[in-house]
Amino acid sequence: MLFALDLNTEEVIVSDSLKGSNKINFIEHIARKDNDVLFNAVLTLTSITKASNFDITIFKAMDKVCQMIYNKHKETK
């Protein structure tokens with residue numbers, strides 16, 4: 001799973017991509033009001049990527065958190 005934010009619409013954009021592929025497949029938009037926890041987790045993930053002292057270990061851990069929250073979201077839909 002790949003996560004991005006649209007701050008204008010306050011939505012999480014969920015996509016995926018096969019390993020080694022440049023093609024990104026759109027899955028869905030999730031409004032902040034529908035899952036505030038996921039929105040904030042992706043916001044944190046995004047801020048980690050912008051840090052001057054970027055740490056891949058922290059990024060991967062936060063990405064796993066986002067994946068877990070998203071999978072829980074799908075289960076409860």
# chains A, B, ... in the order shown; residues from 1 in each chain; ligands from 1

call {"tool": "residues_around", "arguments": {"residues": "Leu45 (chain A)", "least_positions_apart": "4", "cutoff": "7 Å", "atoms": "only C-alpha atoms", "output": "PyMOL selection string"}}
result
chain A and resi 41+49+59+62-63

call {"tool": "write_last_selection", "arguments": {"atoms": "N, CA and C atoms", "output": "JSON list (two decimals), in the first residue's frame"}}
result
[["chain", "number", "residue", "atom", "x", "y", "z"],
["A", 41, "ALA", "N", -2.03, 9.42, 11.04],
["A", 41, "ALA", "CA", -0.89, 8.51, 10.87],
["A", 41, "ALA", "C", -0.16, 8.81, 9.56],
["A", 49, "THR", "N", 9.16, 11.75, 6.18],
["A", 49, "THR", "CA", 9.89, 11.80, 4.90],
["A", 49, "THR", "C", 10.51, 13.17, 4.67],
["A", 59, "PHE", "N", 10.73, 5.40, 9.33],
["A", 59, "PHE", "CA", 9.77, 5.46, 8.23],
["A", 59, "PHE", "C", 9.07, 4.12, 8.04],
["A", 62, "MET", "N", 6.57, 3.41, 10.84],
["A", 62, "MET", "CA", 5.34, 4.21, 10.71],
["A", 62, "MET", "C", 4.51, 3.74, 9.54],
["A", 63, "ASP", "N", 5.16, 3.32, 8.46],
["A", 63, "ASP", "CA", 4.42, 2.77, 7.32],
["A", 63, "ASP", "C", 3.65, 1.53, 7.75]]

call {"tool": "residues_around", "arguments": {"residues": "Asn40 (chain A)", "least_positions_apart": "3", "cutoff": "12 Å", "atoms": "only C-alpha atoms", "output": "number ranges by chain"}}
result
A: 3-5, 7, 10-12, 31-37, 43-47, 62, 65-66, 69-70

call {"tool": "write_last_selection", "arguments": {"atoms": "N, CA and C atoms", "output": "mmCIF file, in the first residue's frame"}}
result
data_model
loop_
_atom_site.group_PDB
_atom_site.id
_atom_site.type_symbol
_atom_site.label_atom_id
_atom_site.label_comp_id
_atom_site.auth_asym_id
_atom_site.auth_seq_id
_atom_site.Cartn_x
_atom_site.Cartn_y
_atom_site.Cartn_z
ATOM 1 N N PHE A 3 0.480 5.498 0.593
ATOM 2 C CA PHE A 3 -0.409 6.487 1.178
ATOM 3 C C PHE A 3 0.063 7.892 0.824
ATOM 4 N N ALA A 4 -0.895 8.759 0.550
ATOM 5 C CA ALA A 4 -0.616 10.172 0.307
ATOM 6 C C ALA A 4 -1.767 10.970 0.894
ATOM 7 N N LEU A 5 -1.533 12.251 1.086
ATOM 8 C CA LEU A 5 -2.567 13.128 1.609
ATOM 9 C C LEU A 5 -2.946 14.182 0.590
ATOM 10 N N LEU A 7 -4.350 17.597 1.229
ATOM 11 C CA LEU A 7 -4.670 18.509 2.324
ATOM 12 C C LEU A 7 -5.818 19.447 1.976
ATOM 13 N N GLU A 10 -8.725 17.151 2.579
ATOM 14 C CA GLU A 10 -8.511 16.392 3.817
ATOM 15 C C GLU A 10 -8.878 14.925 3.611
ATOM 16 N N GLU A 11 -8.186 14.307 2.643
ATOM 17 C CA GLU A 11 -8.391 12.896 2.334
ATOM 18 C C GLU A 11 -7.052 12.164 2.284
ATOM 19 N N VAL A 12 -7.109 10.901 2.665
ATOM 20 C CA VAL A 12 -5.987 9.995 2.453
ATOM 21 C C VAL A 12 -6.221 9.334 1.102
ATOM 22 N N ALA A 31 -11.882 10.046 3.513
ATOM 23 C CA ALA A 31 -12.011 11.371 4.116
ATOM 24 C C ALA A 31 -11.537 11.337 5.567
ATOM 25 N N ARG A 32 -10.948 12.428 5.982
ATOM 26 C CA ARG A 32 -10.470 12.544 7.361
ATOM 27 C C ARG A 32 -11.597 12.261 8.353
ATOM 28 N N LYS A 33 -12.808 12.734 8.038
ATOM 29 C CA LYS A 33 -13.945 12.530 8.943
ATOM 30 C C LYS A 33 -14.331 11.052 9.049
ATOM 31 N N ASP A 34 -13.948 10.251 8.071
ATOM 32 C CA ASP A 34 -14.256 8.823 8.090
ATOM 33 C C ASP A 34 -13.201 7.991 8.820
ATOM 34 N N ASN A 35 -11.981 8.541 8.943
ATOM 35 C CA ASN A 35 -10.930 7.835 9.686
ATOM 36 C C ASN A 35 -9.824 8.829 10.050
ATOM 37 N N ASP A 36 -10.080 9.559 11.118
ATOM 38 C CA ASP A 36 -9.144 10.583 11.573
ATOM 39 C C ASP A 36 -7.805 9.981 12.000
ATOM 40 N N VAL A 37 -7.837 8.781 12.562
ATOM 41 C CA VAL A 37 -6.604 8.126 13.014
ATOM 42 C C VAL A 37 -5.703 7.831 11.821
ATOM 43 N N LEU A 43 -0.236 11.637 7.993
ATOM 44 C CA LEU A 43 0.375 12.952 8.193
ATOM 45 C C LEU A 43 1.734 12.799 8.878
ATOM 46 N N THR A 44 1.805 11.941 9.884
ATOM 47 C CA THR A 44 3.077 11.674 10.563
ATOM 48 C C THR A 44 4.066 11.019 9.610
ATOM 49 N N LEU A 45 3.602 10.040 8.838
ATOM 50 C CA LEU A 45 4.465 9.373 7.859
ATOM 51 C C LEU A 45 5.053 10.395 6.884
ATOM 52 N N THR A 46 4.215 11.302 6.419
ATOM 53 C CA THR A 46 4.663 12.336 5.491
ATOM 54 C C THR A 46 5.703 13.244 6.142
ATOM 55 N N SER A 47 5.480 13.612 7.397
ATOM 56 C CA SER A 47 6.437 14.488 8.078
ATOM 57 C C SER A 47 7.783 13.790 8.288
ATOM 58 N N MET A 62 6.566 3.413 10.835
ATOM 59 C CA MET A 62 5.344 4.214 10.713
ATOM 60 C C MET A 62 4.509 3.742 9.542
ATOM 61 N N VAL A 65 2.476 0.936 10.686
ATOM 62 C CA VAL A 65 1.341 1.432 11.471
ATOM 63 C C VAL A 65 0.217 1.872 10.533
ATOM 64 N N CYS A 66 0.560 2.618 9.496
ATOM 65 C CA CYS A 66 -0.441 3.065 8.524
ATOM 66 C C CYS A 66 -1.126 1.868 7.858
ATOM 67 N N ILE A 69 -3.575 0.299 10.368
ATOM 68 C CA ILE A 69 -4.775 1.120 10.536
ATOM 69 C C ILE A 69 -5.667 1.005 9.302
ATOM 70 N N TYR A 70 -5.061 1.021 8.121
ATOM 71 C CA TYR A 70 -5.846 0.903 6.887
ATOM 72 C C TYR A 70 -6.534 -0.463 6.812
#

call {"tool": "residues_around", "arguments": {"residues": "region 15-19 of chain A", "least_positions_apart": "5", "cutoff": "12 Å", "atoms": "only C-alpha atoms", "output": "list in words"}}
result
Met1, Leu2, Phe3, Ala4, Leu5, Ile24, Asn25, Phe26, Ile27, Glu28, His29, Ile30, Gln67 and Tyr70 of chain A

call {"tool": "write_last_selection", "arguments": {"atoms": "C-alpha atoms", "output": "JSON list (two decimals), in the first residue's frame"}}
result
[["chain", "number", "residue", "atom", "x", "y", "z"],
["A", 1, "MET", "CA", 0.00, 0.00, 0.00],
["A", 2, "LEU", "CA", 1.04, 3.56, -0.73],
["A", 3, "PHE", "CA", -0.41, 6.49, 1.18],
["A", 4, "ALA", "CA", -0.62, 10.17, 0.31],
["A", 5, "LEU", "CA", -2.57, 13.13, 1.61],
["A", 24, "ILE", "CA", 0.61, 2.99, -9.34],
["A", 25, "ASN", "CA", -2.95, 1.72, -9.00],
["A", 26, "PHE", "CA", -5.47, 3.97, -7.27],
["A", 27, "ILE", "CA", -7.57, 2.16, -4.66],
["A", 28, "GLU", "CA", -9.62, 4.77, -2.79],
["A", 29, "HIS", "CA", -9.90, 8.13, -1.07],
["A", 30, "ILE", "CA", -10.70, 8.13, 2.65],
["A", 67, "GLN", "CA", -0.89, -0.34, 6.86],
["A", 70, "TYR", "CA", -5.85, 0.90, 6.89]]

call {"tool": "select_by_dssp", "arguments": {"residues": "chain A", "states": "strand (DSSP E or B)", "output": "PyMOL selection string"}}
result
chain A and resi 2-6+11-16+25-31

call {"tool": "write_last_selection", "arguments": {"atoms": "N, CA and C atoms", "output": "mmCIF file, in the first residue's frame"}}
result
data_model
loop_
_atom_site.group_PDB
_atom_site.id
_atom_site.type_symbol
_atom_site.label_atom_id
_atom_site.label_comp_id
_atom_site.auth_asym_id
_atom_site.auth_seq_id
_atom_site.Cartn_x
_atom_site.Cartn_y
_atom_site.Cartn_z
ATOM 1 N N LEU A 2 0.393 2.253 -0.704
ATOM 2 C CA LEU A 2 1.036 3.561 -0.733
ATOM 3 C C LEU A 2 0.018 4.570 -0.221
ATOM 4 N N PHE A 3 0.480 5.498 0.593
ATOM 5 C CA PHE A 3 -0.409 6.487 1.178
ATOM 6 C C PHE A 3 0.063 7.892 0.824
ATOM 7 N N ALA A 4 -0.895 8.759 0.550
ATOM 8 C CA ALA A 4 -0.616 10.172 0.307
ATOM 9 C C ALA A 4 -1.767 10.970 0.894
ATOM 10 N N LEU A 5 -1.533 12.251 1.086
ATOM 11 C CA LEU A 5 -2.567 13.128 1.609
ATOM 12 C C LEU A 5 -2.946 14.182 0.590
ATOM 13 N N ASP A 6 -4.217 14.480 0.535
ATOM 14 C CA ASP A 6 -4.700 15.660 -0.178
ATOM 15 C C ASP A 6 -5.169 16.600 0.919
ATOM 16 N N GLU A 11 -8.186 14.307 2.643
ATOM 17 C CA GLU A 11 -8.391 12.896 2.334
ATOM 18 C C GLU A 11 -7.052 12.164 2.284
ATOM 19 N N VAL A 12 -7.109 10.901 2.665
ATOM 20 C CA VAL A 12 -5.987 9.995 2.453
ATOM 21 C C VAL A 12 -6.221 9.334 1.102
ATOM 22 N N ILE A 13 -5.198 9.325 0.276
ATOM 23 C CA ILE A 13 -5.269 8.654 -1.022
ATOM 24 C C ILE A 13 -4.516 7.341 -0.870
ATOM 25 N N VAL A 14 -5.215 6.247 -1.118
ATOM 26 C CA VAL A 14 -4.628 4.922 -0.965
ATOM 27 C C VAL A 14 -4.416 4.334 -2.356
ATOM 28 N N SER A 15 -3.212 3.835 -2.585
ATOM 29 C CA SER A 15 -2.841 3.221 -3.861
ATOM 30 C C SER A 15 -1.985 2.002 -3.564
ATOM 31 N N ASP A 16 -1.671 1.268 -4.621
ATOM 32 C CA ASP A 16 -0.692 0.197 -4.474
ATOM 33 C C ASP A 16 0.140 0.111 -5.734
ATOM 34 N N ASN A 25 -1.529 1.994 -8.834
ATOM 35 C CA ASN A 25 -2.951 1.720 -8.996
ATOM 36 C C ASN A 25 -3.737 2.389 -7.872
ATOM 37 N N PHE A 26 -4.622 3.297 -8.247
ATOM 38 C CA PHE A 26 -5.467 3.972 -7.271
ATOM 39 C C PHE A 26 -6.434 2.964 -6.655
ATOM 40 N N ILE A 27 -6.609 3.037 -5.344
ATOM 41 C CA ILE A 27 -7.566 2.164 -4.660
ATOM 42 C C ILE A 27 -8.766 2.969 -4.159
ATOM 43 N N GLU A 28 -8.511 3.990 -3.324
ATOM 44 C CA GLU A 28 -9.624 4.766 -2.793
ATOM 45 C C GLU A 28 -9.144 6.041 -2.105
ATOM 46 N N HIS A 29 -10.096 6.950 -1.907
ATOM 47 C CA HIS A 29 -9.903 8.127 -1.069
ATOM 48 C C HIS A 29 -10.632 7.855 0.236
ATOM 49 N N ILE A 30 -10.034 8.262 1.358
ATOM 50 C CA ILE A 30 -10.705 8.133 2.650
ATOM 51 C C ILE A 30 -10.701 9.513 3.298
ATOM 52 N N ALA A 31 -11.882 10.046 3.513
ATOM 53 C CA ALA A 31 -12.011 11.371 4.116
ATOM 54 C C ALA A 31 -11.537 11.337 5.567
#

call {"tool": "select_by_dssp", "arguments": {"residues": "chain A", "states": "helix (DSSP H, G or I)", "output": "JSON, numbers by chain"}}
result
{"A": [32, 33, 34, 36, 37, 38, 39, 40, 41, 42, 43, 44, 45, 46, 47, 48, 49, 50, 56, 57, 58, 59, 60, 61, 62, 63, 64, 65, 66, 67, 68, 69, 70, 71, 72, 73, 74, 75, 76]}

call {"tool": "write_last_selection", "arguments": {"atoms": "N, CA and C atoms", "output": "short mmCIF file (atom, residue, chain, number, x, y, z; two decimals), in the first residue's frame"}}
result
data_model
loop_
_atom_site.label_atom_id
_atom_site.label_comp_id
_atom_site.auth_asym_id
_atom_site.auth_seq_id
_atom_site.Cartn_x
_atom_site.Cartn_y
_atom_site.Cartn_z
N ARG A 32 -10.95 12.43 5.98
CA ARG A 32 -10.47 12.54 7.36
C ARG A 32 -11.60 12.26 8.35
N LYS A 33 -12.81 12.73 8.04
CA LYS A 33 -13.94 12.53 8.94
C LYS A 33 -14.33 11.05 9.05
N ASP A 34 -13.95 10.25 8.07
CA ASP A 34 -14.26 8.82 8.09
C ASP A 34 -13.20 7.99 8.82
N ASP A 36 -10.08 9.56 11.12
CA ASP A 36 -9.14 10.58 11.57
C ASP A 36 -7.81 9.98 12.00
N VAL A 37 -7.84 8.78 12.56
CA VAL A 37 -6.60 8.13 13.01
C VAL A 37 -5.70 7.83 11.82
N LEU A 38 -6.27 7.31 10.74
CA LEU A 38 -5.47 7.03 9.54
C LEU A 38 -4.92 8.33 8.96
N PHE A 39 -5.74 9.36 8.89
CA PHE A 39 -5.29 10.64 8.36
C PHE A 39 -4.09 11.14 9.14
N ASN A 40 -4.17 11.12 10.46
CA ASN A 40 -3.07 11.61 11.30
C ASN A 40 -1.83 10.72 11.20
N ALA A 41 -2.03 9.42 11.04
CA ALA A 41 -0.89 8.51 10.87
C ALA A 41 -0.16 8.81 9.56
N VAL A 42 -0.90 9.03 8.49
CA VAL A 42 -0.29 9.34 7.19
C VAL A 42 0.36 10.73 7.25
N LEU A 43 -0.24 11.64 7.99
CA LEU A 43 0.38 12.95 8.19
C LEU A 43 1.73 12.80 8.88
N THR A 44 1.81 11.94 9.88
CA THR A 44 3.08 11.67 10.56
C THR A 44 4.07 11.02 9.61
N LEU A 45 3.60 10.04 8.84
CA LEU A 45 4.46 9.37 7.86
C LEU A 45 5.05 10.39 6.88
N THR A 46 4.22 11.30 6.42
CA THR A 46 4.66 12.34 5.49
C THR A 46 5.70 13.24 6.14
N SER A 47 5.48 13.61 7.40
CA SER A 47 6.44 14.49 8.08
C SER A 47 7.78 13.79 8.29
N ILE A 48 7.76 12.48 8.48
CA ILE A 48 9.00 11.71 8.62
C ILE A 48 9.82 11.81 7.33
N THR A 49 9.16 11.75 6.18
CA THR A 49 9.89 11.80 4.90
C THR A 49 10.51 13.17 4.67
N LYS A 50 9.96 14.20 5.29
CA LYS A 50 10.46 15.56 5.09
C LYS A 50 11.53 15.96 6.10
N ILE A 56 15.22 5.72 7.81
CA ILE A 56 14.44 4.70 7.10
C ILE A 56 13.78 3.71 8.07
N THR A 57 14.42 3.43 9.19
CA THR A 57 13.85 2.49 10.16
C THR A 57 12.57 3.06 10.76
N ILE A 58 12.60 4.33 11.10
CA ILE A 58 11.40 4.98 11.64
C ILE A 58 10.32 5.06 10.56
N PHE A 59 10.73 5.40 9.33
CA PHE A 59 9.77 5.46 8.23
C PHE A 59 9.07 4.12 8.04
N LYS A 60 9.83 3.03 8.00
CA LYS A 60 9.24 1.71 7.79
C LYS A 60 8.32 1.32 8.93
N ALA A 61 8.67 1.68 10.16
CA ALA A 61 7.82 1.37 11.31
C ALA A 61 6.50 2.14 11.21
N MET A 62 6.57 3.41 10.84
CA MET A 62 5.34 4.21 10.71
C MET A 62 4.51 3.74 9.54
N ASP A 63 5.16 3.32 8.46
CA ASP A 63 4.42 2.77 7.32
C ASP A 63 3.65 1.53 7.75
N LYS A 64 4.25 0.68 8.56
CA LYS A 64 3.55 -0.51 9.07
C LYS A 64 2.34 -0.13 9.90
N VAL A 65 2.48 0.94 10.69
CA VAL A 65 1.34 1.43 11.47
C VAL A 65 0.22 1.87 10.53
N CYS A 66 0.56 2.62 9.50
CA CYS A 66 -0.44 3.06 8.52
C CYS A 66 -1.13 1.87 7.86
N GLN A 67 -0.34 0.87 7.49
CA GLN A 67 -0.89 -0.34 6.86
C GLN A 67 -1.89 -1.02 7.80
N MET A 68 -1.51 -1.12 9.08
CA MET A 68 -2.36 -1.78 10.07
C MET A 68 -3.67 -1.01 10.25
N ILE A 69 -3.57 0.30 10.37
CA ILE A 69 -4.77 1.12 10.54
C ILE A 69 -5.67 1.01 9.30
N TYR A 70 -5.06 1.02 8.12
CA TYR A 70 -5.85 0.90 6.89
C TYR A 70 -6.53 -0.46 6.81
N ASN A 71 -5.82 -1.53 7.15
CA ASN A 71 -6.43 -2.87 7.12
C ASN A 71 -7.60 -2.97 8.10
N LYS A 72 -7.47 -2.37 9.28
CA LYS A 72 -8.56 -2.34 10.25
C LYS A 72 -9.75 -1.56 9.67
N HIS A 73 -9.44 -0.46 8.98
CA HIS A 73 -10.49 0.36 8.35
C HIS A 73 -11.27 -0.47 7.33
N LYS A 74 -10.55 -1.24 6.52
CA LYS A 74 -11.21 -2.08 5.52
C LYS A 74 -12.10 -3.13 6.18
N GLU A 75 -11.66 -3.70 7.29
CA GLU A 75 -12.43 -4.73 8.00
C GLU A 75 -13.75 -4.19 8.52
N THR A 76 -13.76 -2.94 8.93
CA THR A 76 -14.95 -2.37 9.56
C THR A 76 -15.88 -1.68 8.57
#
